[in-house]
Amino acid sequence: MFFPISHAHINPIYLAVVGFIIGILGGFFGVGGSFIAGPALRAMGVDWNFAVGTDLAHIVGKSIVAAKQHRALGNVDLKLGLIMAFGTIAGAECGAQLIQALKRAGNVNTVVSYVAIVVYSGIAAFMLWESRKTLRSAKGRSQRGLIKGAKSKKDHSAFGPVTRSIQRLKIWPMITLPTSGIRISLWTILLVAFVGGVFSGFLGGGAGYIRMPSMVYVLGVPTHLAVGTDLFEIVISASYGTITHAIKGNVDILIALVMHTGAAIGAQIGAVATQYFTGPKIRLAFVPLPLIGAAIVIYTLMTGHKL
Amino acid sequence: MKKQAAKSLRAFAIELAVYSVLVICYFFLVLNLLGNWLYGLESQHRYIYAGVALSLIVGQAVLLDSVTTLLFRLLRGRLK
């Protein structure tokens with residue numbers, strides 16, 4: 001099938017299958033899946049700028065479906081998601097400016113690649129350590145037997161003491177989030193969202209691989225709620241990204257629409273599957289995702305081929 | 001328990017098949033109709049294109065979500 005906007009010939013079944021895989025990952029982990037979508041589009045000869053913009057448009061559609069499913073399961077904190085959207089958009093703009101500054105300095109690829117490798121590997125190593133430690137602890141063991149995650153939304157974390165001390169920081173204004181069961185400073189929420197946004201603008205994609213763990217470990221949001229709320233927040237921030245990229249001529253909406261036909265059903269499966277896993281297990285299963293991202297960057301650095 | 005799992009799997013396979021047929025019809029109908037119009041819009045009116053692009057993806061998300069939910073209900077109900 002010919003897509004006239006990006007001048008690419010791509011099999012629509014291929015796009016739907018890629019969308020389906022990303023949909024499952026997105027619904028289960030609350031990530032956009034750009035580390036798969038970008039290389040998958042590039043492999044079909046889509047230009048890099050179109051791959052980034054089109055991926056964002058497809059993320060909007062997929063996240064709506066997954067967030068709706070998570071909302072039905074009680075996994076979305078709307079208040080938290082709306083607050084975070086402001087911080088993410090501001091951060092994404094800063095990240096994009098940072099990229100422009102590095103472009104002018106002439107070393108954007110090297111800096112972005114090394115930062116990505118360190119960040120992705122760091123997240124994977126930390127989450128591996130934390131989730132294993134939690135599962136080995138008495139509280140973690142008590143969660144192992146649970147089948148329905150809905151019963152175990154208030155999950156335990158080996159990083160819990162640090163999270164609680166962050167929550168104790170009384171910097172006005174303090175926000176109560178009844179759905180997540182936490183009370184925390186507005187500035188902490190905005191800072192977490194802003195950092196996620198910076199990485200989104202700097203490394204591309206929705207940066208769910210940073211925001212979802214940050215929500216769990218820094219804000220203390222239960223894992224199931226972090227996944228659902230992250231998806232809701234992604235709907236807003238990716239919509240903003242889609243508009244700005246479309247104006248710059250980086251979005252082939254026809255490709256995004258075809259990809260989304262697969263993602264719509266995949267996202268529902270992924271969202272429903274979270275019910276059958278406890279928080280620490282979801283976090284443990286999350287570990288390979290940033291590692292795949294790091295592997296792609298290392299491959300690009302070593303071979304010079306941009307995936 | 002095994003019977004129930006087999007039933008769910010069967011329902012899911014039928015859902016996937018019906019969904020695939022609907023999606024293929026959608027490819028040929030909607031995308032062929034919209035393709036040239038969107039291409040023209042993208043090259044001449046970027047701001048309108050941006051709004052239309054977002055509306056299309058949001059609209060499709062709502063539509064497909066309704067279709068899959070309806071399929072789930074219909075087929076699960078029949079198998080029960």
# chains A, B, ... in the order shown; residues from 1 in each chain; ligands from 1
$ closest_atom_pairs --of "chain A" --to "chain B" --cutoff "10 Å" --atoms "only C-alpha atoms" --output "JSON lines"
{"residue": "A:Met1", "atom": "CA", "partner": "B:Phe27", "partner_atom": "CA", "distance": 9.8}
{"residue": "A:Phe2", "atom": "CA", "partner": "B:Gly35", "partner_atom": "CA", "distance": 9.4}
{"residue": "A:Phe3", "atom": "CA", "partner": "B:Gly35", "partner_atom": "CA", "distance": 7.7}
{"residue": "A:Pro4", "atom": "CA", "partner": "B:Tyr39", "partner_atom": "CA", "distance": 6.3}
{"residue": "A:Ile5", "atom": "CA", "partner": "B:Tyr39", "partner_atom": "CA", "distance": 5.4}
{"residue": "A:Ser6", "atom": "CA", "partner": "B:Tyr39", "partner_atom": "CA", "distance": 9.3}
{"residue": "A:Pro12", "atom": "CA", "partner": "B:Phe27", "partner_atom": "CA", "distance": 8.1}
{"residue": "A:Ile13", "atom": "CA", "partner": "B:Ile24", "partner_atom": "CA", "distance": 9.0}
{"residue": "A:Ala16", "atom": "CA", "partner": "B:Val23", "partner_atom": "CA", "distance": 9.4}
{"residue": "A:Ala57", "atom": "CA", "partner": "B:Ile57", "partner_atom": "CA", "distance": 7.0}
{"residue": "A:His58", "atom": "CA", "partner": "B:Ile57", "partner_atom": "CA", "distance": 7.2}
{"residue": "A:Ile59", "atom": "CA", "partner": "B:Ile57", "partner_atom": "CA", "distance": 9.3}
{"residue": "A:Val60", "atom": "CA", "partner": "B:Val58", "partner_atom": "CA", "distance": 7.1}
{"residue": "A:Gly61", "atom": "CA", "partner": "B:Ala61", "partner_atom": "CA", "distance": 5.0}
{"residue": "A:Lys62", "atom": "CA", "partner": "B:Ala61", "partner_atom": "CA", "distance": 6.9}
{"residue": "A:Ser63", "atom": "CA", "partner": "B:Ala61", "partner_atom": "CA", "distance": 8.7}
{"residue": "A:Ile64", "atom": "CA", "partner": "B:Ala61", "partner_atom": "CA", "distance": 6.4}
{"residue": "A:Val65", "atom": "CA", "partner": "B:Asp65", "partner_atom": "CA", "distance": 6.0}
{"residue": "A:Ala66", "atom": "CA", "partner": "B:Asp65", "partner_atom": "CA", "distance": 9.3}
{"residue": "A:Lys68", "atom": "CA", "partner": "B:Asp65", "partner_atom": "CA", "distance": 8.7}
{"residue": "A:Gln69", "atom": "CA", "partner": "B:Asp65", "partner_atom": "CA", "distance": 9.2}
{"residue": "A:Val235", "atom": "CA", "partner": "B:Val58", "partner_atom": "CA", "distance": 9.5}
{"residue": "A:Ala238", "atom": "CA", "partner": "B:Leu54", "partner_atom": "CA", "distance": 9.9}
{"residue": "A:Ser239", "atom": "CA", "partner": "B:Leu54", "partner_atom": "CA", "distance": 6.9}
{"residue": "A:Tyr240", "atom": "CA", "partner": "B:Leu54", "partner_atom": "CA", "distance": 9.3}
{"residue": "A:Thr242", "atom": "CA", "partner": "B:Leu54", "partner_atom": "CA", "distance": 7.0}
{"residue": "A:Ile243", "atom": "CA", "partner": "B:Ala50", "partner_atom": "CA", "distance": 5.1}
{"residue": "A:Thr244", "atom": "CA", "partner": "B:Ala50", "partner_atom": "CA", "distance": 7.7}
{"residue": "A:His245", "atom": "CA", "partner": "B:Ala50", "partner_atom": "CA", "distance": 8.2}
{"residue": "A:Ala246", "atom": "CA", "partner": "B:Ala50", "partner_atom": "CA", "distance": 4.9}
{"residue": "A:Ile247", "atom": "CA", "partner": "B:Arg46", "partner_atom": "CA", "distance": 5.2}
{"residue": "A:Lys248", "atom": "CA", "partner": "B:Arg46", "partner_atom": "CA", "distance": 7.8}
{"residue": "A:Gly249", "atom": "CA", "partner": "B:Arg46", "partner_atom": "CA", "distance": 7.2}
{"residue": "A:Asn250", "atom": "CA", "partner": "B:Glu42", "partner_atom": "CA", "distance": 9.8}
{"residue": "A:Val251", "atom": "CA", "partner": "B:Ala53", "partner_atom": "CA", "distance": 8.3}
{"residue": "A:Asp252", "atom": "CA", "partner": "B:Ala53", "partner_atom": "CA", "distance": 8.6}
{"residue": "A:Ile253", "atom": "CA", "partner": "B:Ala53", "partner_atom": "CA", "distance": 5.8}
{"residue": "A:Leu254", "atom": "CA", "partner": "B:Leu31", "partner_atom": "CA", "distance": 6.9}
{"residue": "A:Ile255", "atom": "CA", "partner": "B:Leu31", "partner_atom": "CA", "distance": 9.7}
{"residue": "A:Ala256", "atom": "CA", "partner": "B:Ile57", "partner_atom": "CA", "distance": 7.6}
{"residue": "A:Leu257", "atom": "CA", "partner": "B:Ile57", "partner_atom": "CA", "distance": 6.2}
{"residue": "A:Val258", "atom": "CA", "partner": "B:Phe27", "partner_atom": "CA", "distance": 7.3}
{"residue": "A:His260", "atom": "CA", "partner": "B:Ala61", "partner_atom": "CA", "distance": 7.7}
{"residue": "A:Thr261", "atom": "CA", "partner": "B:Val23", "partner_atom": "CA", "distance": 6.7}
{"residue": "A:Gly262", "atom": "CA", "partner": "B:Val23", "partner_atom": "CA", "distance": 8.8}
{"residue": "A:Ala263", "atom": "CA", "partner": "B:Ala61", "partner_atom": "CA", "distance": 9.5}
{"residue": "A:Ala264", "atom": "CA", "partner": "B:Leu64", "partner_atom": "CA", "distance": 6.6}
{"residue": "A:Ile265", "atom": "CA", "partner": "B:Thr68", "partner_atom": "CA", "distance": 7.1}
{"residue": "A:Ala267", "atom": "CA", "partner": "B:Asp65", "partner_atom": "CA", "distance": 9.9}
{"residue": "A:Gln268", "atom": "CA", "partner": "B:Asp65", "partner_atom": "CA", "distance": 8.6}
$ select_by_dssp --residues "stretch 116-251 of chain A" --states "strand (DSSP E or B)" --output "number ranges by chain"
A: 174-177, 182-185
$ residues_around --residues "stretch 280-295 of chain A" --least-positions-apart "2" --cutoff "7 Å" --atoms "only C-alpha atoms" --output "list in words"
Phe29, Phe35, Ala116, Ile117, Tyr120, Ser121, Ala124, Met127, Leu128, Ser131, Thr134, Leu135, Tyr209, Phe277, Thr278, Val297, Ile298 and Tyr299 of chain A
$ write_last_selection --atoms "N, CA and C atoms" --output "mmCIF file, in the first residue's frame"
data_model
loop_
_atom_site.group_PDB
_atom_site.id
_atom_site.type_symbol
_atom_site.label_atom_id
_atom_site.label_comp_id
_atom_site.auth_asym_id
_atom_site.auth_seq_id
_atom_site.Cartn_x
_atom_site.Cartn_y
_atom_site.Cartn_z
ATOM 1 N N PHE A 29 2.166 -2.235 30.325
ATOM 2 C CA PHE A 29 3.203 -1.494 31.050
ATOM 3 C C PHE A 29 2.976 0.012 31.100
ATOM 4 N N PHE A 35 10.188 2.692 21.201
ATOM 5 C CA PHE A 35 11.465 2.009 20.949
ATOM 6 C C PHE A 35 11.280 0.846 19.970
ATOM 7 N N ALA A 116 21.088 8.074 26.670
ATOM 8 C CA ALA A 116 20.057 7.034 26.557
ATOM 9 C C ALA A 116 20.547 5.704 27.140
ATOM 10 N N ILE A 117 21.799 5.321 26.803
ATOM 11 C CA ILE A 117 22.324 4.036 27.296
ATOM 12 C C ILE A 117 22.381 4.030 28.825
ATOM 13 N N TYR A 120 18.612 4.160 30.300
ATOM 14 C CA TYR A 120 17.884 2.895 30.091
ATOM 15 C C TYR A 120 18.468 1.787 30.973
ATOM 16 N N SER A 121 19.805 1.651 30.948
ATOM 17 C CA SER A 121 20.435 0.569 31.730
ATOM 18 C C SER A 121 20.213 0.807 33.226
ATOM 19 N N ALA A 124 16.665 -0.187 34.187
ATOM 20 C CA ALA A 124 16.506 -1.649 34.168
ATOM 21 C C ALA A 124 17.181 -2.286 35.391
ATOM 22 N N MET A 127 15.218 -1.402 38.644
ATOM 23 C CA MET A 127 13.933 -2.104 38.765
ATOM 24 C C MET A 127 14.117 -3.596 38.992
ATOM 25 N N LEU A 128 15.174 -4.145 38.402
ATOM 26 C CA LEU A 128 15.473 -5.566 38.612
ATOM 27 C C LEU A 128 15.789 -5.809 40.083
ATOM 28 N N SER A 131 12.446 -5.006 42.324
ATOM 29 C CA SER A 131 11.324 -5.956 42.243
ATOM 30 C C SER A 131 11.708 -7.318 42.806
ATOM 31 N N THR A 134 11.746 -6.987 46.590
ATOM 32 C CA THR A 134 10.372 -6.920 47.105
ATOM 33 C C THR A 134 9.725 -8.304 47.079
ATOM 34 N N LEU A 135 9.918 -9.034 45.986
ATOM 35 C CA LEU A 135 9.301 -10.361 45.876
ATOM 36 C C LEU A 135 9.886 -11.347 46.899
ATOM 37 N N TYR A 209 8.877 4.693 29.898
ATOM 38 C CA TYR A 209 9.872 3.871 30.600
ATOM 39 C C TYR A 209 10.531 4.636 31.733
ATOM 40 N N PHE A 277 -1.588 -9.921 37.468
ATOM 41 C CA PHE A 277 -0.223 -9.820 37.993
ATOM 42 C C PHE A 277 -0.168 -8.802 39.130
ATOM 43 N N THR A 278 0.681 -9.093 40.124
ATOM 44 C CA THR A 278 0.851 -8.143 41.221
ATOM 45 C C THR A 278 1.852 -7.067 40.796
ATOM 46 N N VAL A 297 20.194 1.473 20.829
ATOM 47 C CA VAL A 297 21.110 2.622 20.768
ATOM 48 C C VAL A 297 22.554 2.136 20.586
ATOM 49 N N ILE A 298 22.943 1.073 21.330
ATOM 50 C CA ILE A 298 24.310 0.537 21.214
ATOM 51 C C ILE A 298 24.553 0.046 19.784
ATOM 52 N N TYR A 299 23.545 -0.650 19.227
ATOM 53 C CA TYR A 299 23.656 -1.145 17.845
ATOM 54 C C TYR A 299 23.880 0.030 16.878
#
$ select_by_dssp --residues "stretch 68-156 of chain A" --states "helix (DSSP H, G or I)" --output "PyMOL selection string"
chain A and resi 68-72+78-105+108-136+138-144+149-152
$ atom_distance --atom1 "atom CA of A:Phe232" --atom2 "atom CA of A:Gly27"
11.1 Å
$ closest_atom_pairs --of "stretch 153-237 of chain A" --to "stretch 85-98 of chain A" --cutoff "8 Å" --atoms "only C-alpha atoms" --output "JSON lines"
{"residue": "A:Leu190", "atom": "CA", "partner": "A:Gly87", "partner_atom": "CA", "distance": 4.9}
{"residue": "A:Leu191", "atom": "CA", "partner": "A:Gly87", "partner_atom": "CA", "distance": 6.9}
{"residue": "A:Val192", "atom": "CA", "partner": "A:Gly87", "partner_atom": "CA", "distance": 7.8}
{"residue": "A:Ala193", "atom": "CA", "partner": "A:Gly87", "partner_atom": "CA", "distance": 4.8}
{"residue": "A:Phe194", "atom": "CA", "partner": "A:Gly91", "partner_atom": "CA", "distance": 4.3}
{"residue": "A:Val195", "atom": "CA", "partner": "A:Gly91", "partner_atom": "CA", "distance": 6.2}
{"residue": "A:Gly196", "atom": "CA", "partner": "A:Thr88", "partner_atom": "CA", "distance": 6.2}
{"residue": "A:Gly197", "atom": "CA", "partner": "A:Gly91", "partner_atom": "CA", "distance": 4.0}
{"residue": "A:Val198", "atom": "CA", "partner": "A:Gly95", "partner_atom": "CA", "distance": 4.2}
{"residue": "A:Phe199", "atom": "CA", "partner": "A:Gly95", "partner_atom": "CA", "distance": 6.3}
{"residue": "A:Ser200", "atom": "CA", "partner": "A:Ala92", "partner_atom": "CA", "distance": 5.7}
{"residue": "A:Gly201", "atom": "CA", "partner": "A:Gly95", "partner_atom": "CA", "distance": 4.2}
{"residue": "A:Phe202", "atom": "CA", "partner": "A:Gly95", "partner_atom": "CA", "distance": 4.5}
{"residue": "A:Glu233", "atom": "CA", "partner": "A:Ala85", "partner_atom": "CA", "distance": 5.6}
{"residue": "A:Ile234", "atom": "CA", "partner": "A:Ala85", "partner_atom": "CA", "distance": 7.7}
{"residue": "A:Ile236", "atom": "CA", "partner": "A:Ala85", "partner_atom": "CA", "distance": 6.4}
{"residue": "A:Ser237", "atom": "CA", "partner": "A:Ile89", "partner_atom": "CA", "distance": 6.0}
$ atom_distance --atom1 "atom CA of B:Leu71" --atom2 "atom CA of B:Ala6"
17.9 Å
$ atom_distance --atom1 "atom CA of A:Phe28" --atom2 "atom CA of A:Thr274"
5.7 Å
